[in-house]
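Colleague: The structure's right below; bear with me while I get my questions together.
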Amino acid sequence: MTRQDVVITGIGLVSSLGEGADLHWSVLSQPGATPVLDETAFAPHAVHPLPPLSLDAQIPKKGDQRQMEPWQRLGTYAAGLAIDQAGARGLVSDMHLIVAAGGGERDVAVDEAVASAFCTLPPDEAGRALNDKLGTELRPTLFLAQLSNLLAGNISIVHGVTGSSRTFMGEEAAAADAVRIAAARLSEGRGGIALVGGAYASQRWDLVLLYGAGNALWRGPFAPISARDGSGGFVGGALGAFLVLETAEHAAARGAKPLAKLAGVATDAVHERAGSSSATAAALWQKLGAPETGLGVLSGMTGVAEARVEEEAFLAGVKATAVRRTGSLLGHGIEATFPANVALGALALSRGGFYPAMDPADIGDGPVERILITGFGQWRGEALALLERVA
């Protein structure tokens with residue numbers, strides 16, 4: 001089978017820094033960028049908050065806005081930005097859609113009230129009381145997987161994207177696989193254009209509870225990723241990131257100028273295996289060709305210590321001109337981080353430059369012709385993408 005080249009023609013990016021490609025390049029391409037933080041609302045955990053958005057620009061109907069949860073509004077907004085930058089409004093009926101999504105949002109006030117009430121009940125009465133609450137106050141299920149499909153549904157409704165639709169769950173690994181599968185389908189000739197991405201709303205107590213209970217969050221005053229000692233942890237970052245991918249032939253036929261070539265995506269989400277994460281990533285790197293010149297790295301390092309150590313070991317064996325840890329400025333956006341870093345990589349290649357240091361441990365400088373995107377997740381989520389400059 002003859003495989004077709006896949007290019008990125010549009011990016012939609014929203015972070016705590018603001019929205020859009022131009023803003024992110026303006027802020028991140030200049031030395032001295034600082035993170036936007038809220039260190040009080042969810043103390044002792046900091047978050048990178050969602051910026052103000054004029055939702056009407058991408059979600060014109062107030063009824064649509066009201067029925068969405070914040071992460072759905074964020075993702076739908078970012079998807080619209082990507083479609084607009086690609087100049088692809090007239091192509092949405094043929095556009096395939098692949099979304100990486102988390103679970104639906106909890107009604108935190110009700111959950112807290114129920115939990116508080118249970119504290120006063122003897123164990124033999126708690127189960128009966130919970131069943132009563134399930135029928136009167138709590139949402140119909142404690143596992144909101146079915147709500148994950150609503151982001152794709154809202155993108156279809158608001159933007160008219162009506163090609164095939166897929167939603168993946170599985171945190172960071174789902175995001176990398178979404179990009180990988182979207183690119184693979186286009187490369188194999190199963191479509192000419194696709195929209196892929198995810199969103200993460202960081203200002204949610206239910207997620208602070210979830211990830212905090214798993215010891216995955218950084219506690220205390222903010223520190224850049226490389227300075228998070230002990231067990232480390234991530235700082236949640238509001239992120240909405242979508243990419244418009246096309247075959248090079250499809251883009252050329254409509255006169256669209258690619259931002260970058262997506263030369264390959266390699267993932268490995270097997271959790272029960274021998275060997276280290278760094279060795280797994282090294283094998284993935286060989287699959288992508290392991291180029292040795294003009295290579296910049298945009299690392300999706302979360303700050304969780306064990307995964308960070310493994311990624312540092314992998315990066316030590318990569319012949320990179322420069323390494324940048326984006327999470328120190330943008331935070332970690334779970335399902336949105338991998339497509340966000342792919343977007344930043346495409347943006348840098350399209351502007352003919354790279355980014356100054358984002359973390360005290362960042363190294364190197366110099367011309368970059370291709371960019372490696374890494375994602376190790378919080379544990380065993382190894383994924384790589386390789387971007388190349390388009391001539």
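How things are named: the first chain in the structure tokens is A, the next is B, and so on; residues count from 1 in each chain; ligands count from 1 in the order shown.
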Could you produce a table of the residues of stretch 144-209 of chain A lying within 12 Å of stretch 334-339 of chain A, with the nearest pair of atoms per residue and their separation in Å rounded to one decimal, using only C-alpha atoms, ordered by chain and increasing residue number, as a Markdown table?
Modeller:
```
| residue | atom | partner | partner_atom | distance |
| --- | --- | --- | --- | --- |
| A:Ser148 | CA | A:Glu335 | CA | 11.7 |
| A:Thr167 | CA | A:Glu335 | CA | 11.4 |
| A:Phe168 | CA | A:Glu335 | CA | 9.5 |
| A:Met169 | CA | A:Glu335 | CA | 8.5 |
| A:Gly170 | CA | A:Glu335 | CA | 8.1 |
| A:Glu171 | CA | A:Glu335 | CA | 5.2 |
| A:Glu172 | CA | A:Glu335 | CA | 5.0 |
| A:Ala173 | CA | A:Glu335 | CA | 7.8 |
| A:Ala174 | CA | A:Glu335 | CA | 6.8 |
| A:Ala175 | CA | A:Glu335 | CA | 5.0 |
| A:Ala176 | CA | A:Phe338 | CA | 6.1 |
| A:Asp177 | CA | A:Phe338 | CA | 9.7 |
| A:Ala178 | CA | A:Pro339 | CA | 9.0 |
| A:Val179 | CA | A:Pro339 | CA | 7.2 |
| A:Arg180 | CA | A:Pro339 | CA | 10.4 |
| A:Ala182 | CA | A:Pro339 | CA | 11.7 |
| A:Leu195 | CA | A:Pro339 | CA | 11.0 |
| A:Val196 | CA | A:Pro339 | CA | 7.9 |
| A:Gly197 | CA | A:Pro339 | CA | 5.8 |
| A:Gly198 | CA | A:Ala336 | CA | 4.6 |
| A:Ala199 | CA | A:Ala336 | CA | 4.9 |
| A:Tyr200 | CA | A:Ala336 | CA | 6.1 |
| A:Ala201 | CA | A:Ile334 | CA | 9.7 |
| A:Ser202 | CA | A:Ile334 | CA | 9.6 |
| A:Leu207 | CA | A:Ile334 | CA | 11.0 |
```
Colleague: Save the residues we just selected, C-alpha atoms, as a tab-separated table (two decimals), in the first residue's frame?
Modeller:
```tsv
chain	number	residue	atom	x	y	z
A	148	SER	CA	-17.47	11.55	27.13
A	167	THR	CA	-14.19	9.07	21.12
A	168	PHE	CA	-11.32	7.53	23.08
A	169	MET	CA	-10.96	7.34	26.85
A	170	GLY	CA	-7.75	6.53	28.67
A	171	GLU	CA	-6.17	9.82	29.71
A	172	GLU	CA	-2.83	10.68	28.07
A	173	ALA	CA	-2.64	7.44	26.09
A	174	ALA	CA	-6.05	8.11	24.55
A	175	ALA	CA	-4.84	11.47	23.28
A	176	ALA	CA	-1.75	10.05	21.62
A	177	ASP	CA	-3.73	7.22	20.05
A	178	ALA	CA	-6.34	9.67	18.77
A	179	VAL	CA	-3.64	11.57	16.87
A	180	ARG	CA	-1.99	8.34	15.72
A	182	ALA	CA	-6.38	9.98	12.72
A	195	LEU	CA	-10.21	16.92	13.14
A	196	VAL	CA	-8.55	15.48	16.25
A	197	GLY	CA	-7.95	16.73	19.78
A	198	GLY	CA	-9.16	17.00	23.36
A	199	ALA	CA	-9.90	19.36	26.23
A	200	TYR	CA	-9.28	19.54	29.96
A	201	ALA	CA	-10.88	21.98	32.41
A	202	SER	CA	-8.50	22.25	35.35
A	207	LEU	CA	-10.62	16.09	39.43
```
Colleague: To test your reading of the structure, identify every residue in stretch 129-235 of chain A that backbone DSSP assigns to helix (DSSP H, G or I), and report it as a PyMOL selection string.
Modeller: chain A and resi 129-136+145-159+171-187+205-213+225-227
Colleague: Near A:Gly232, within 8 Å and counting only C-alpha atoms, which residues show up once chain neighbours fewer than 3 positions away are dropped, as a list of chain:residue names?
Modeller: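 Listing them by chain and then by number gives A:Ala216, A:Leu217, A:Trp218, A:Arg228, A:Asp229, A:Gly303, A:Val304, A:Ala305.
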Colleague: Let's have the selection written as a PDB file, in the first residue's frame, with C-alpha atoms.
Modeller:
```pdb
ATOM      1  CA  ALA A 216      -0.496  12.534  41.200  1.00  0.00           C
ATOM      2  CA  LEU A 217      -0.832  16.248  42.040  1.00  0.00           C
ATOM      3  CA  TRP A 218       1.895  18.626  43.147  1.00  0.00           C
ATOM      4  CA  ARG A 228       9.297  19.097  41.938  1.00  0.00           C
ATOM      5  CA  ASP A 229      11.152  16.938  44.416  1.00  0.00           C
ATOM      6  CA  GLY A 303       6.059  16.287  36.859  1.00  0.00           C
ATOM      7  CA  VAL A 304       5.073  12.937  38.427  1.00  0.00           C
ATOM      8  CA  ALA A 305       8.466  11.754  39.613  1.00  0.00           C
TER       9      ALA A 305
END
```
Colleague: Identify, on the basis of only C-alpha atoms, every residue whose closest approach to A:Lys287 does not exceed 10 Å; exclude the query and any residue fewer than 5 positions from it along the same chain; express the result as a PyMOL selection string.
Modeller: chain A and resi 264-266+281-282+384
Colleague: Name the residues in contact with A:Ala46 at a cut-off of 7 Å, using only C-alpha atoms, excluding same-chain residues fewer than 4 positions from it; report them as a PyMOL selection string.
Modeller: chain A and resi 37-39+42+222+235
Colleague: Measuring between only C-alpha atoms, which one of A:Ala86, A:Ile373, A:Leu387, A:Ala78 shows the shortest distance to A:Ala256?
Modeller: A:Ala86
Colleague: List the neighbours of A:Tyr355 out to 10 Å using only C-alpha atoms; skip same-chain residues closer than 2 positions along the sequence, and give me the result as a PyMOL selection string.
Modeller: chain A and resi 25+27-31+296+298+322-324+326+344-345+348+353+357-358+365
Colleague: Please, which residues of stretch 286-389 of chain A, numbered as in this document, come out strand (DSSP E or B) from DSSP, as a ChimeraX atom specification?
Modeller: /A:295-299,304,322-325,332,363-364,370-375,383-388
Colleague: Convert the current residue selection to file output with N, CA and C atoms, as a PDB file, in the first residue's frame.
Modeller:
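Saved file selection-v6.pdb follows:
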```
ATOM      1  N   LEU A 295      17.093  18.682  15.564  1.00  0.00           N
ATOM      2  CA  LEU A 295      15.940  18.168  16.295  1.00  0.00           C
ATOM      3  C   LEU A 295      15.662  18.993  17.546  1.00  0.00           C
ATOM      4  N   GLY A 296      14.440  19.492  17.632  1.00  0.00           N
ATOM      5  CA  GLY A 296      13.960  20.104  18.862  1.00  0.00           C
ATOM      6  C   GLY A 296      12.981  19.167  19.542  1.00  0.00           C
ATOM      7  N   VAL A 297      12.891  19.236  20.861  1.00  0.00           N
ATOM      8  CA  VAL A 297      11.972  18.378  21.623  1.00  0.00           C
ATOM      9  C   VAL A 297      11.010  19.254  22.401  1.00  0.00           C
ATOM     10  N   LEU A 298       9.718  18.951  22.271  1.00  0.00           N
ATOM     11  CA  LEU A 298       8.693  19.514  23.142  1.00  0.00           C
ATOM     12  C   LEU A 298       8.198  18.380  24.018  1.00  0.00           C
ATOM     13  N   SER A 299       8.576  18.426  25.282  1.00  0.00           N
ATOM     14  CA  SER A 299       8.282  17.338  26.208  1.00  0.00           C
ATOM     15  C   SER A 299       6.939  17.563  26.892  1.00  0.00           C
ATOM     16  N   VAL A 304       5.133  14.126  37.566  1.00  0.00           N
ATOM     17  CA  VAL A 304       5.073  12.937  38.427  1.00  0.00           C
ATOM     18  C   VAL A 304       6.442  12.271  38.371  1.00  0.00           C
ATOM     19  N   ALA A 322      17.673  21.041  21.115  1.00  0.00           N
ATOM     20  CA  ALA A 322      17.069  21.770  22.225  1.00  0.00           C
ATOM     21  C   ALA A 322      15.919  20.958  22.798  1.00  0.00           C
ATOM     22  N   VAL A 323      15.709  21.076  24.111  1.00  0.00           N
ATOM     23  CA  VAL A 323      14.621  20.394  24.806  1.00  0.00           C
ATOM     24  C   VAL A 323      13.824  21.422  25.597  1.00  0.00           C
ATOM     25  N   ARG A 324      12.497  21.383  25.460  1.00  0.00           N
ATOM     26  CA  ARG A 324      11.618  22.299  26.175  1.00  0.00           C
ATOM     27  C   ARG A 324      10.513  21.517  26.881  1.00  0.00           C
ATOM     28  N   ARG A 325      10.308  21.819  28.164  1.00  0.00           N
ATOM     29  CA  ARG A 325       9.267  21.175  28.969  1.00  0.00           C
ATOM     30  C   ARG A 325       8.071  22.124  29.058  1.00  0.00           C
ATOM     31  N   HIS A 332      -0.415  20.554  33.083  1.00  0.00           N
ATOM     32  CA  HIS A 332      -0.717  19.273  32.435  1.00  0.00           C
ATOM     33  C   HIS A 332      -2.210  19.185  32.172  1.00  0.00           C
ATOM     34  N   ILE A 363      17.472  22.692  27.891  1.00  0.00           N
ATOM     35  CA  ILE A 363      18.825  22.822  27.363  1.00  0.00           C
ATOM     36  C   ILE A 363      18.792  23.134  25.877  1.00  0.00           C
ATOM     37  N   GLY A 364      19.897  23.710  25.409  1.00  0.00           N
ATOM     38  CA  GLY A 364      20.153  23.819  23.987  1.00  0.00           C
ATOM     39  C   GLY A 364      19.468  24.980  23.299  1.00  0.00           C
ATOM     40  N   ARG A 370      13.057  19.758  12.561  1.00  0.00           N
ATOM     41  CA  ARG A 370      12.040  18.770  12.931  1.00  0.00           C
ATOM     42  C   ARG A 370      11.886  18.796  14.452  1.00  0.00           C
ATOM     43  N   ILE A 371      10.723  18.386  14.919  1.00  0.00           N
ATOM     44  CA  ILE A 371      10.418  18.467  16.350  1.00  0.00           C
ATOM     45  C   ILE A 371       9.842  17.135  16.822  1.00  0.00           C
ATOM     46  N   LEU A 372      10.396  16.640  17.920  1.00  0.00           N
ATOM     47  CA  LEU A 372       9.903  15.433  18.574  1.00  0.00           C
ATOM     48  C   LEU A 372       8.961  15.848  19.702  1.00  0.00           C
ATOM     49  N   ILE A 373       7.762  15.288  19.695  1.00  0.00           N
ATOM     50  CA  ILE A 373       6.790  15.494  20.773  1.00  0.00           C
ATOM     51  C   ILE A 373       6.807  14.241  21.647  1.00  0.00           C
ATOM     52  N   THR A 374       6.991  14.420  22.949  1.00  0.00           N
ATOM     53  CA  THR A 374       6.984  13.267  23.849  1.00  0.00           C
ATOM     54  C   THR A 374       5.785  13.327  24.783  1.00  0.00           C
ATOM     55  N   GLY A 375       5.311  12.151  25.169  1.00  0.00           N
ATOM     56  CA  GLY A 375       4.272  12.045  26.176  1.00  0.00           C
ATOM     57  C   GLY A 375       4.444  10.753  26.949  1.00  0.00           C
ATOM     58  N   ALA A 383       4.473   7.801  24.388  1.00  0.00           N
ATOM     59  CA  ALA A 383       4.022   8.140  23.036  1.00  0.00           C
ATOM     60  C   ALA A 383       4.943   9.201  22.471  1.00  0.00           C
ATOM     61  N   LEU A 384       5.212   9.108  21.177  1.00  0.00           N
ATOM     62  CA  LEU A 384       6.064  10.067  20.487  1.00  0.00           C
ATOM     63  C   LEU A 384       5.403  10.477  19.179  1.00  0.00           C
ATOM     64  N   ALA A 385       5.659  11.711  18.762  1.00  0.00           N
ATOM     65  CA  ALA A 385       5.260  12.169  17.433  1.00  0.00           C
ATOM     66  C   ALA A 385       6.435  12.948  16.849  1.00  0.00           C
ATOM     67  N   LEU A 386       6.623  12.832  15.557  1.00  0.00           N
ATOM     68  CA  LEU A 386       7.709  13.537  14.869  1.00  0.00           C
ATOM     69  C   LEU A 386       7.105  14.460  13.816  1.00  0.00           C
ATOM     70  N   LEU A 387       7.448  15.735  13.934  1.00  0.00           N
ATOM     71  CA  LEU A 387       7.003  16.746  12.975  1.00  0.00           C
ATOM     72  C   LEU A 387       8.197  17.211  12.145  1.00  0.00           C
ATOM     73  N   GLU A 388       7.936  17.524  10.897  1.00  0.00           N
ATOM     74  CA  GLU A 388       8.991  18.016  10.023  1.00  0.00           C
ATOM     75  C   GLU A 388       8.537  19.289   9.320  1.00  0.00           C
TER      76      GLU A 388
END
```
Colleague: Counting only C-alpha atoms, which residue out of A:Pro122, A:Gly377, A:Gly191, A:Gly160 sits closest to A:Ile59?
Modeller: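 Closest to A:Ile59, using only C-alpha atoms: A:Gly160.
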